[in-house]
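Asks: Once you've had a glance at the structure underneath, I'll fire off some questions.
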Amino acid sequence: MLSRVAKTNRLIRLFGFTKVPMIWYCRPKVIEHTDEKIEIKIPLRRRTKNHLGSMYFGVLAVGADITGGFLAMDPIQESGRKIALIFKDFKADFLKRPEGDVHFMCNDGAAIKELVDKTANSTERFNYKLNIDAVVPSISSEVVAKFELTLSLKDKT
């Protein structure tokens, strides 16, 4: 039996390969996945670097997107409903140059579960602002970027 982390890694690879090739190209890896939080790493490699040797901001956007999106996937699947997930807006604060493998973390799992439950019992669209932090643990525990994404859910069942 595969662990939750292994299942999420497999799902991200499949989703990236079949639906959003940019995700597959960045090679994200799930480090931790619980009901409350998710941590995803994107390695700093030739394909994810900018001309200054730090992580390209488009790759940082991919990391924030999948961190928030895949934290919501389990509650959506567990609801048994056909709930459409989209990000309504995206705000990023780049605080330092990410010059190593970047770890993206979101701790909004409980709020997402509540949002999914509320959405499953309604025909309305519901939104929640996710907070995602990015750090480069090989250099420092200091946050290098902060993201705020508005998760928008609607039951299509």
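Simple scheme: letters A, B, ... for chains in structure tokens order, numbers from 1 for residues in each chain, numbers from 1 for ligands in the order shown.
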Let's see if you can do this: from backbone DSSP, list all helix (DSSP H, G or I) residues in segment 15-129 of chain A, as JSON, numbers by chain.
Replies: {"A": [15, 16, 17, 18, 21, 22, 23, 24, 25, 26, 46, 47, 48, 57, 58, 59, 60, 61, 62, 63, 64, 65, 66, 67, 68, 69, 70, 71, 72, 73, 74, 75, 76, 77, 78, 79, 109, 110, 111, 112, 113, 114, 115, 116, 117, 118, 119, 120]}
Asks: Can you spit out the residues from that selection as a CSV table (one decimal), in the first residue's frame, using N, CA and C atoms?
Replies:
```
chain,number,residue,atom,x,y,z
A,15,PHE,N,-1.0,14.2,-13.3
A,15,PHE,CA,-1.7,15.5,-13.7
A,15,PHE,C,-0.8,16.4,-14.5
A,16,GLY,N,0.4,16.5,-14.1
A,16,GLY,CA,1.4,17.3,-14.9
A,16,GLY,C,1.6,16.8,-16.3
A,17,PHE,N,1.8,15.5,-16.4
A,17,PHE,CA,2.1,14.9,-17.7
A,17,PHE,C,0.9,15.0,-18.6
A,18,THR,N,-0.3,14.8,-18.1
A,18,THR,CA,-1.5,14.7,-19.0
A,18,THR,C,-2.2,16.0,-19.1
A,21,PRO,N,1.6,20.4,-18.6
A,21,PRO,CA,3.0,19.9,-18.8
A,21,PRO,C,4.0,20.8,-18.0
A,22,MET,N,3.7,22.0,-17.8
A,22,MET,CA,4.6,22.9,-17.0
A,22,MET,C,4.9,22.3,-15.6
A,23,ILE,N,3.9,21.7,-15.0
A,23,ILE,CA,4.0,21.1,-13.7
A,23,ILE,C,5.0,19.9,-13.8
A,24,TRP,N,4.8,19.1,-14.8
A,24,TRP,CA,5.7,17.9,-15.0
A,24,TRP,C,7.1,18.4,-15.2
A,25,TYR,N,7.3,19.4,-16.0
A,25,TYR,CA,8.6,19.9,-16.4
A,25,TYR,C,9.4,20.4,-15.2
A,26,CYS,N,8.7,20.9,-14.2
A,26,CYS,CA,9.3,21.5,-12.9
A,26,CYS,C,9.7,20.4,-12.0
A,46,ARG,N,18.8,23.4,-13.9
A,46,ARG,CA,18.9,24.2,-15.1
A,46,ARG,C,17.5,24.6,-15.6
A,47,ARG,N,16.6,23.7,-15.6
A,47,ARG,CA,15.3,24.0,-16.2
A,47,ARG,C,14.4,25.0,-15.3
A,48,THR,N,14.8,25.2,-14.0
A,48,THR,CA,14.0,26.0,-13.1
A,48,THR,C,14.7,27.3,-12.8
A,57,PHE,N,10.6,33.1,-11.5
A,57,PHE,CA,9.3,33.4,-10.8
A,57,PHE,C,8.1,32.6,-11.3
A,58,GLY,N,8.2,32.2,-12.6
A,58,GLY,CA,7.1,31.3,-13.1
A,58,GLY,C,7.1,30.0,-12.4
A,59,VAL,N,8.2,29.4,-12.1
A,59,VAL,CA,8.3,28.2,-11.4
A,59,VAL,C,7.8,28.3,-10.0
A,60,LEU,N,8.1,29.5,-9.4
A,60,LEU,CA,7.6,29.7,-8.0
A,60,LEU,C,6.0,29.8,-8.1
A,61,ALA,N,5.5,30.3,-9.1
A,61,ALA,CA,4.0,30.3,-9.3
A,61,ALA,C,3.5,28.9,-9.4
A,62,VAL,N,4.1,28.1,-10.2
A,62,VAL,CA,3.7,26.7,-10.3
A,62,VAL,C,3.7,26.0,-8.9
A,63,GLY,N,4.8,26.2,-8.1
A,63,GLY,CA,4.9,25.6,-6.8
A,63,GLY,C,3.7,26.0,-5.9
A,64,ALA,N,3.4,27.3,-5.9
A,64,ALA,CA,2.3,27.8,-5.1
A,64,ALA,C,1.0,27.2,-5.5
A,65,ASP,N,0.8,27.2,-6.8
A,65,ASP,CA,-0.4,26.6,-7.4
A,65,ASP,C,-0.7,25.2,-7.0
A,66,ILE,N,0.3,24.3,-7.2
A,66,ILE,CA,0.1,22.9,-6.9
A,66,ILE,C,0.0,22.7,-5.4
A,67,THR,N,0.7,23.5,-4.6
A,67,THR,CA,0.6,23.3,-3.1
A,67,THR,C,-0.8,23.6,-2.7
A,68,GLY,N,-1.4,24.7,-3.1
A,68,GLY,CA,-2.8,24.9,-2.7
A,68,GLY,C,-3.8,24.0,-3.3
A,69,GLY,N,-3.6,23.7,-4.6
A,69,GLY,CA,-4.5,22.8,-5.3
A,69,GLY,C,-4.5,21.4,-4.8
A,70,PHE,N,-3.4,20.8,-4.5
A,70,PHE,CA,-3.3,19.4,-4.1
A,70,PHE,C,-3.7,19.3,-2.6
A,71,LEU,N,-3.6,20.3,-1.8
A,71,LEU,CA,-4.1,20.2,-0.5
A,71,LEU,C,-5.7,20.1,-0.5
A,72,ALA,N,-6.3,20.7,-1.5
A,72,ALA,CA,-7.7,20.6,-1.7
A,72,ALA,C,-8.2,19.3,-2.3
A,73,MET,N,-7.4,18.6,-3.0
A,73,MET,CA,-7.8,17.5,-3.8
A,73,MET,C,-8.4,16.3,-2.9
A,74,ASP,N,-7.8,16.0,-1.8
A,74,ASP,CA,-8.4,14.9,-1.0
A,74,ASP,C,-9.7,15.2,-0.4
A,75,PRO,N,-9.9,16.4,0.2
A,75,PRO,CA,-11.3,16.7,0.7
A,75,PRO,C,-12.3,16.7,-0.5
A,76,ILE,N,-12.0,17.2,-1.6
A,76,ILE,CA,-12.9,17.2,-2.8
A,76,ILE,C,-13.2,15.8,-3.2
A,77,GLN,N,-12.2,14.9,-3.3
A,77,GLN,CA,-12.5,13.5,-3.7
A,77,GLN,C,-13.3,12.8,-2.6
A,78,GLU,N,-13.0,13.0,-1.3
A,78,GLU,CA,-13.7,12.4,-0.2
A,78,GLU,C,-15.2,12.9,-0.1
A,79,SER,N,-15.5,14.0,-0.7
A,79,SER,CA,-16.9,14.5,-0.6
A,79,SER,C,-17.8,13.7,-1.5
A,109,GLY,N,-5.4,23.3,5.6
A,109,GLY,CA,-6.2,22.1,5.4
A,109,GLY,C,-7.5,22.1,6.1
A,110,ALA,N,-7.6,22.5,7.3
A,110,ALA,CA,-8.9,22.5,8.0
A,110,ALA,C,-9.9,23.5,7.4
A,111,ALA,N,-9.4,24.6,7.0
A,111,ALA,CA,-10.3,25.6,6.4
A,111,ALA,C,-10.8,25.1,5.0
A,112,ILE,N,-9.9,24.5,4.3
A,112,ILE,CA,-10.3,23.9,3.0
A,112,ILE,C,-11.3,22.8,3.1
A,113,LYS,N,-11.2,22.0,4.1
A,113,LYS,CA,-12.2,20.9,4.4
A,113,LYS,C,-13.6,21.6,4.7
A,114,GLU,N,-13.6,22.6,5.5
A,114,GLU,CA,-14.8,23.4,5.8
A,114,GLU,C,-15.4,23.9,4.5
A,115,LEU,N,-14.6,24.5,3.6
A,115,LEU,CA,-15.0,25.1,2.4
A,115,LEU,C,-15.6,24.0,1.5
A,116,VAL,N,-15.0,22.9,1.4
A,116,VAL,CA,-15.5,21.8,0.6
A,116,VAL,C,-16.8,21.3,1.1
A,117,ASP,N,-17.0,21.2,2.4
A,117,ASP,CA,-18.3,20.8,3.0
A,117,ASP,C,-19.4,21.8,2.7
A,118,LYS,N,-19.0,23.1,2.8
A,118,LYS,CA,-20.0,24.1,2.5
A,118,LYS,C,-20.4,24.1,1.0
A,119,THR,N,-19.4,23.9,0.2
A,119,THR,CA,-19.7,23.8,-1.3
A,119,THR,C,-20.5,22.6,-1.7
A,120,ALA,N,-20.3,21.5,-1.0
A,120,ALA,CA,-21.0,20.3,-1.4
A,120,ALA,C,-22.5,20.4,-1.0
```
Asks: Need to verify the contact set: Ala92 of chain A, 10 Å, only C-alpha atoms, exclusion of same-chain residues closer than 2 positions in sequence. Can you return it as a list of chain:residue names?
Replies: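 Near neighbours after the sequence-gap exclusion: A:Phe57, A:Leu60, A:Ala61, A:Ala64, A:Phe90, A:Phe94, A:Leu95, A:Ile132, A:Asp133, A:Ala145, A:Lys146, A:Phe147, A:Glu148, A:Leu149.
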Asks: Give me, as a CSV table (one decimal) with C-alpha atoms, in the first residue's frame, all polymer residues having an atom no more than 8 Å from Ile31 of chain A, counting only C-alpha atoms and skipping those fewer than 6 positions away in the same chain.
Replies:
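The resulting result_17.csv:
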```
chain,number,residue,atom,x,y,z
A,5,VAL,CA,2.9,11.2,0.1
A,38,ILE,CA,1.2,20.0,2.6
A,39,GLU,CA,4.9,20.7,1.8
A,40,ILE,CA,6.1,20.4,-1.8
A,41,LYS,CA,9.7,20.8,-3.0
```
Asks: Tell me which of A:Asp93, A:Asp155, A:Asp108, A:Glu32 sits closest to Arg125 of chain A, counting only C-alpha atoms.
Replies: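 Looking only at the distances to Arg125 of chain A, the closest residue turns out to be A:Asp155.
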Asks: How far is it from atom CA of Lys49 of chain A to atom CA of Phe87 of chain A, in Å with one decimal?
Replies: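 Atom-to-atom, atom CA of Lys49 of chain A to atom CA of Phe87 of chain A, that is 24.9 Å.
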Asks: For each of A:Lys82, A:Lys7, A:Arg27, A:Lys88, take the minimum atom-to-atom distance to Thr157 of chain A, counting only C-alpha atoms, then give the residue where this is smallest.
Replies: A:Lys82
Asks: Hey, which of A:Leu11, A:Leu130, A:Val102, A:Ile139 ends up closest to Met55 of chain A? Count only C-alpha atoms.
Replies: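 Of all the options, A:Val102 lies closest to Met55 of chain A.
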Asks: Taking into account only C-alpha atoms, which residue in the set A:Ser54, A:Ser152, A:Ser3, A:Asn9 is nearest to Glu124 of chain A?
Replies: A:Ser152
Asks: Using only C-alpha atoms, which residue out of A:Asn127, A:Thr150, A:Ser122, A:Asn50 lies closest to Glu99 of chain A?
Replies: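 Comparing A:Asn127, A:Thr150, A:Ser122, A:Asn50 against Glu99 of chain A, the winner is A:Asn50.
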Asks: Going by DSSP on the backbone, which residues of chain A come out as strand (DSSP E or B)? List them as an NGL selection string.
Replies: :A and (29-33 or 38-42 or 49 or 55 or 83-94 or 102-106 or 125-136 or 140-155)
Asks: Grab the residues selected above and save them as a compact mmCIF listing (two decimals), in the first residue's frame with C-alpha atoms.
Replies:
```
# COMPACT_ATOMS: atom_id res chain seq x y z
CA LYS A 29 8.05 16.35 -5.07
CA VAL A 30 5.74 16.05 -2.07
CA ILE A 31 7.69 16.10 1.21
CA GLU A 32 4.75 15.99 3.65
CA HIS A 33 0.99 15.66 3.21
CA ILE A 38 1.21 20.00 2.59
CA GLU A 39 4.85 20.66 1.77
CA ILE A 40 6.09 20.42 -1.81
CA LYS A 41 9.67 20.83 -3.03
CA ILE A 42 10.74 22.05 -6.46
CA LYS A 49 16.64 28.71 -12.95
CA MET A 55 14.50 30.13 -9.23
CA ILE A 83 -16.55 20.01 -7.29
CA ALA A 84 -14.75 22.33 -9.70
CA LEU A 85 -11.55 23.91 -8.35
CA ILE A 86 -10.04 27.08 -9.76
CA PHE A 87 -7.85 29.86 -8.44
CA LYS A 88 -9.62 33.20 -8.68
CA ASP A 89 -6.59 35.40 -8.05
CA PHE A 90 -2.91 35.20 -7.25
CA LYS A 91 -0.77 37.56 -5.17
CA ALA A 92 2.96 37.05 -4.63
CA ASP A 93 5.55 38.83 -2.52
CA PHE A 94 9.10 37.88 -3.48
CA VAL A 102 12.36 25.67 -2.73
CA HIS A 103 9.85 24.15 -0.30
CA PHE A 104 6.25 25.42 -0.54
CA MET A 105 4.06 25.05 2.55
CA CYS A 106 0.36 25.55 3.16
CA ARG A 125 -19.45 29.28 -5.57
CA PHE A 126 -17.35 29.70 -2.40
CA ASN A 127 -13.91 31.29 -2.05
CA TYR A 128 -11.08 31.08 0.48
CA LYS A 129 -7.73 32.89 0.55
CA LEU A 130 -4.90 30.36 0.91
CA ASN A 131 -1.57 31.43 2.37
CA ILE A 132 1.49 29.66 1.02
CA ASP A 133 5.06 30.27 2.15
CA ALA A 134 8.21 29.34 0.25
CA VAL A 135 11.53 28.66 1.98
CA VAL A 136 14.96 27.38 0.96
CA SER A 140 17.87 29.37 5.83
CA SER A 141 14.45 28.89 7.41
CA GLU A 142 13.61 32.44 6.37
CA VAL A 143 10.64 32.83 4.02
CA VAL A 144 11.77 33.79 0.49
CA ALA A 145 8.29 34.30 -0.97
CA LYS A 146 4.71 34.58 0.28
CA PHE A 147 1.72 33.76 -1.87
CA GLU A 148 -1.97 34.44 -1.43
CA LEU A 149 -4.23 32.49 -3.78
CA THR A 150 -8.02 32.63 -3.68
CA LEU A 151 -9.33 29.09 -3.97
CA SER A 152 -12.75 29.05 -5.62
CA LEU A 153 -14.98 25.96 -5.47
CA LYS A 154 -18.36 25.16 -7.01
CA ASP A 155 -20.37 21.95 -6.96
```
Asks: Which residue, A:Lys19, A:Arg4, A:Arg10, A:Lys37, has the smallest gap to Asn107 of chain A when you use only C-alpha atoms?
Replies: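 Using only C-alpha atoms, Asn107 of chain A sits closest to A:Lys37.
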Asks: At what distance in Å, to one decimal, does atom CA of Thr8 of chain A lie from atom CA of Pro28 of chain A?
Replies: 10.7 Å
Asks: How far is it from atom CA of Pro137 of chain A to atom CA of Arg13 of chain A, in Å with one decimal?
Replies: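 According to the coordinates, atom CA of Pro137 of chain A and atom CA of Arg13 of chain A are separated by 23.4 Å.
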